[in-house]
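Visitor: The structure's right below; bear with me while I get my questions together.
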Amino acid sequence: MRLSKYLAIFRIQLQNNFAYRGNLLAGIISLLIFLWIFIQLWRATYGAMGSATIAGLTLQQTLWYLMLTESIQMSKSRMSRTVSEAVKDGSIAYLLNKPYDFLLYQLSIGMADGLNRFVFNILCGGALMWLLVSPPPDLLGLPMVLVTVLLALALDFCIQALIGLAAFVSEDVTAYDWIVGKLIFIIGGMLIPIDFFPTWLQKIATALPFAYAMYGPARLFVEPSVERFASVLLGQVIWLVVLGLLLALAYRSGVRRLAVNGG
Amino acid sequence: MRELRFLSALWKANLISAMEFRATFITQSIGMMLNDAVYFIFWVIFFDRFPLVAGWDLQDVLLVYGLVAVAFGVTMYLFGNAQYVGDIISKGQLDYYLSLPRPVLLHLLASRSQVSGVGDVLFGLLTFFFAGSVTLDAFARYLLGAVCSGIIFVAFLVLVQSLAFWLGDIPALNLAATNAIITFAIYPSRLFEAGTRLLLFTLVPALLVGAVPAELVRGFDWGRTGLLVLGTTVFFLLAGGVFHLGLRRYESGSAIQTRS
């Protein structure tokens, strides 16, 4: 398998993104609105609790954590919609005889979109936090965080592509997309750090892949350490292998069911 | 009266069209209910740990969240084109509505139904029974609040997207404005200080969509009722006025056609 063509697709898509500056701007404005509300909410919450730390996190750490989870969330591609549309309108059939793998093609596109948006999101979100909250956490941990963010985006691609491929058996996958999206919001720790959950829910949340697509990188960002990095990385790799295999199986079985009428 | 008959005919046609894809109708309605419920788990976890924040508790947030869901759901189901006004203007697709002897804006807005709105409405109505104040009187105020909230929401979308008459379609602005009004509406209003609150009553009327009608449900008050009715009237008139002002600048896309 030649990876160079997928790198080329990734590079071209990265350039394409600059043609759609409006979308990028909308994402950034929305991100800043969400972060501004979070700042008000968590300031009031820490104020009401009257303590400097909650579940081991200071107000500043909580807010920087949320900056990173929101930046990841706002960077993701709507890959489930792209894949399900390709299945529903039959265009997937035209891609089958092309000299590339459909899923790896979509992965290259999704990673390019995600990475491009993430860079702008973290720069703008980070600037807002620095201005209104505090200087960022230890930036020495940033290289480790970036690796986990890349794997988080890949993990999210697998989840979204699985939802998209459900269109082979279901008329409409929008509802699955909404519900899984909200599970990532909550159980993944996007809206609230998993550390604030009751213990029983923490156990469930950390056993699922959603936490490695959100909580893992963000928690590492506010408290970087080699041990934490290794633990997040291991979890991400395990879930990538599991979901990647599931995805390959779902794709093969879906393509076998594909009926192409006419041409 | 004539307009009401026209609207009910449009909504009936939309319903018949949605029923052609019955499985999608059911999965999107139930899916949206579950989606709203799963999102609300955030607040359950939050208030489990921090019982009272900015003077609000879980029931307060549930009330405002459900009310906004009803308003949003009704809007998306009955006036489903509200999110696409800018796109339709910039593509010159208003021609179809202009060529018919019916009110342009009303016809445009009601020509599409987003079936997921049904799920929002069902979820919102259900939450009313868990948010305290379960009396007939409170339910009547809840419905009044949801109607006003829905009208303000549609008017806000029309206002923002009517900018397309002057600036062309700006999907980025539409998306950011929609996200802003919904997000600000479902968070405790007392989080925001005076200056921000003023903006949330005027520029992005999120407090008129969420907090004010929710407070009205908790207890009747002439002041709040007056504020809500005044806000609804002002935004309603403003949206209609700005849209029709923009219509004078509209350039046809040569897309006059009839639909079966």
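To be explicit about the labels: the chains of the structure tokens are called A, B, and onward in the order shown, and within each one the residues are counted from 1, while ligands get numbers from 1 in the order they are shown.
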As an MDAnalysis selection string, which residues of range 47-213 of chain A does DSSP assign to helix (DSSP H, G or I)?
Guide: chainID A and resid 47:49 59:75 79:88 91:95 102:132 139:168 174:186 194:196 199:207 210:213
Visitor: With C-alpha atoms retained, write the just-selected residues as a compact mmCIF listing (two decimals), in the first residue's frame.
Guide:
```txt
# COMPACT_ATOMS: atom_id res chain seq x y z
CA GLY A 47 -16.89 31.09 43.48
CA ALA A 48 -19.95 29.27 44.83
CA MET A 49 -17.84 26.34 46.04
CA LEU A 59 -10.21 27.17 37.87
CA GLN A 60 -7.45 28.04 35.40
CA GLN A 61 -6.76 24.36 34.63
CA THR A 62 -10.48 23.65 34.14
CA LEU A 63 -10.83 26.53 31.70
CA TRP A 64 -7.69 25.64 29.71
CA TYR A 65 -8.94 22.03 29.66
CA LEU A 66 -12.25 23.20 28.16
CA MET A 67 -10.39 25.38 25.65
CA LEU A 68 -8.64 22.28 24.33
CA THR A 69 -11.73 20.03 24.27
CA GLU A 70 -13.74 22.74 22.48
CA SER A 71 -10.89 23.30 20.01
CA ILE A 72 -10.83 19.58 19.20
CA GLN A 73 -14.63 19.45 18.92
CA MET A 74 -14.81 22.46 16.61
CA SER A 75 -12.03 21.00 14.44
CA MET A 79 -17.36 12.68 8.18
CA SER A 80 -20.43 10.64 9.13
CA ARG A 81 -22.51 12.84 6.84
CA THR A 82 -20.00 12.62 3.96
CA VAL A 83 -19.78 8.83 4.19
CA SER A 84 -23.52 8.28 4.62
CA GLU A 85 -24.29 10.59 1.67
CA ALA A 86 -21.84 8.65 -0.50
CA VAL A 87 -23.61 5.42 0.50
CA LYS A 88 -27.13 6.82 0.07
CA SER A 91 -21.51 7.77 -5.37
CA ILE A 92 -19.51 5.28 -3.30
CA ALA A 93 -19.92 2.88 -6.24
CA TYR A 94 -18.01 5.26 -8.52
CA LEU A 95 -15.18 5.47 -6.01
CA PHE A 102 -12.28 4.85 0.03
CA LEU A 103 -11.75 4.93 3.81
CA LEU A 104 -8.10 6.03 3.65
CA TYR A 105 -9.10 8.73 1.17
CA GLN A 106 -11.75 10.03 3.58
CA LEU A 107 -9.27 9.76 6.49
CA SER A 108 -6.76 11.94 4.60
CA ILE A 109 -9.44 14.54 3.89
CA GLY A 110 -10.77 14.47 7.45
CA MET A 111 -7.32 14.77 9.04
CA ALA A 112 -6.40 17.71 6.80
CA ASP A 113 -9.65 19.53 7.63
CA GLY A 114 -9.29 18.76 11.32
CA LEU A 115 -5.65 19.78 11.61
CA ASN A 116 -6.18 23.02 9.74
CA ARG A 117 -9.10 24.06 11.94
CA PHE A 118 -7.37 22.91 15.11
CA VAL A 119 -4.38 25.20 14.54
CA PHE A 120 -6.61 28.26 14.16
CA ASN A 121 -8.93 27.22 16.99
CA ILE A 122 -6.16 26.69 19.50
CA LEU A 123 -4.48 29.97 18.54
CA CYS A 124 -7.68 32.04 18.91
CA GLY A 125 -9.07 30.08 21.87
CA GLY A 126 -5.67 30.21 23.57
CA ALA A 127 -5.42 33.97 23.03
CA LEU A 128 -8.85 34.49 24.65
CA MET A 129 -7.90 32.33 27.63
CA TRP A 130 -4.55 34.06 28.06
CA LEU A 131 -6.29 37.43 27.94
CA LEU A 132 -9.16 36.63 30.32
CA LEU A 139 4.07 24.44 27.11
CA LEU A 140 6.85 21.84 27.30
CA GLY A 141 4.08 19.26 27.19
CA LEU A 142 2.75 20.62 23.88
CA PRO A 143 4.52 18.13 21.55
CA MET A 144 2.99 15.25 23.53
CA VAL A 145 -0.42 16.93 23.43
CA LEU A 146 -0.23 17.42 19.65
CA VAL A 147 0.47 13.71 19.11
CA THR A 148 -2.58 12.78 21.21
CA VAL A 149 -4.74 15.38 19.43
CA LEU A 150 -3.82 13.85 16.05
CA LEU A 151 -4.74 10.40 17.31
CA ALA A 152 -7.93 11.83 18.84
CA LEU A 153 -8.94 13.16 15.42
CA ALA A 154 -8.18 9.74 13.88
CA LEU A 155 -10.25 8.05 16.60
CA ASP A 156 -13.12 10.41 15.93
CA PHE A 157 -12.85 9.64 12.21
CA CYS A 158 -13.31 5.91 12.95
CA ILE A 159 -16.40 6.61 15.09
CA GLN A 160 -17.91 8.93 12.49
CA ALA A 161 -17.14 6.66 9.55
CA LEU A 162 -18.81 3.75 11.40
CA ILE A 163 -21.93 5.89 11.81
CA GLY A 164 -21.76 6.89 8.14
CA LEU A 165 -21.45 3.27 7.01
CA ALA A 166 -24.58 2.41 9.00
CA ALA A 167 -26.36 3.95 5.98
CA PHE A 168 -25.81 0.58 4.25
CA THR A 174 -28.65 11.50 11.32
CA ALA A 175 -30.12 10.46 14.66
CA TYR A 176 -27.15 8.14 15.44
CA ASP A 177 -24.83 11.01 14.61
CA TRP A 178 -26.61 13.36 17.03
CA ILE A 179 -26.68 10.86 19.89
CA VAL A 180 -23.06 9.70 19.56
CA GLY A 181 -22.07 13.36 19.23
CA LYS A 182 -23.75 14.17 22.53
CA LEU A 183 -22.16 11.11 24.19
CA ILE A 184 -18.79 12.58 23.24
CA PHE A 185 -19.92 15.92 24.72
CA ILE A 186 -20.77 14.30 28.05
CA ILE A 194 -14.42 13.49 33.78
CA ASP A 195 -12.70 14.15 37.14
CA PHE A 196 -15.91 15.95 38.22
CA THR A 199 -16.78 7.65 40.72
CA TRP A 200 -19.04 5.02 39.10
CA LEU A 201 -19.50 7.20 36.00
CA GLN A 202 -15.79 7.96 35.82
CA LYS A 203 -15.13 4.22 35.54
CA ILE A 204 -17.61 3.84 32.68
CA ALA A 205 -16.39 6.97 30.88
CA THR A 206 -12.71 6.05 30.97
CA ALA A 207 -13.47 2.55 29.69
CA PHE A 210 -14.88 8.76 23.66
CA ALA A 211 -12.65 9.75 26.59
CA TYR A 212 -9.54 9.15 24.47
CA ALA A 213 -10.90 11.44 21.75
```
Visitor: If the cut-off is 9 Å, can you tell me the residues of chain B near chain A, counting only C-alpha atoms? I'd like them as a PyMOL selection string.
Guide: chain B and resi 23-24+27-32+34-36+38-39+41-42+45-46+48-50+52-54+116+170-177+179-180+183-184+187-188+191-192
Visitor: Interatomic distance between CA of Leu228 in chain B and CA of Pro213 in chain B?
Guide: 7.1 Å
Visitor: Would you mind listing what lies within 8 Å of Gly231 in chain B as a PDB file with N, CA and C atoms, in the first residue's frame, with only C-alpha atoms counted and same-chain residues fewer than 4 positions away left out?
Guide:
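Saved the output as selection-v8.pdb:
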```
ATOM      1  N   ILE B 152     -39.525  35.127  18.267  1.00  0.00           N
ATOM      2  CA  ILE B 152     -38.283  35.914  18.351  1.00  0.00           C
ATOM      3  C   ILE B 152     -37.143  35.168  17.665  1.00  0.00           C
ATOM      4  N   LEU B 208     -34.544  36.883  25.851  1.00  0.00           N
ATOM      5  CA  LEU B 208     -35.982  36.910  25.523  1.00  0.00           C
ATOM      6  C   LEU B 208     -36.447  35.526  25.044  1.00  0.00           C
ATOM      7  N   LEU B 227     -42.586  42.856  28.873  1.00  0.00           N
ATOM      8  CA  LEU B 227     -41.265  42.823  28.235  1.00  0.00           C
ATOM      9  C   LEU B 227     -41.232  41.783  27.114  1.00  0.00           C
ATOM     10  N   PHE B 235     -39.217  42.503  17.498  1.00  0.00           N
ATOM     11  CA  PHE B 235     -38.421  41.646  16.607  1.00  0.00           C
ATOM     12  C   PHE B 235     -39.232  41.182  15.402  1.00  0.00           C
TER      13      PHE B 235
END
```
Visitor: DSSP on the backbone, then: every residue of range 24-145 of chain A marked strand (DSSP E or B), written as number ranges by chain.
Guide: A: 53-54, 57-58
Visitor: Would you please work out which residue, of B:Leu62, B:Ile89, B:Val229, B:Leu125, is nearest to Ile151 in chain B when using only C-alpha atoms?
Guide: B:Val229
Visitor: Please report the interatomic distance between CA of Trp222 in chain B and CA of Leu58 in chain B in Å with one decimal.
Guide: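 Taking CA of Trp222 in chain B and CA of Leu58 in chain B, their separation equals 25.9 Å.
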Visitor: Would you list the contacts of Met76 in chain B as a PyMOL selection string, taking every protein, DNA or RNA residue within 6 Å and counting only C-alpha atoms, but skipping same-chain residues closer than 4 positions in sequence?
Guide: chain B and resi 80+114+117
Visitor: Rank B:Leu245, B:Val85, B:Leu203, B:Ala146 by their smallest atom-to-atom distance to Val64 in chain B, using only C-alpha atoms, and report the top residue only.
Guide: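 So, comparing all the options, the nearest one is B:Ala146.
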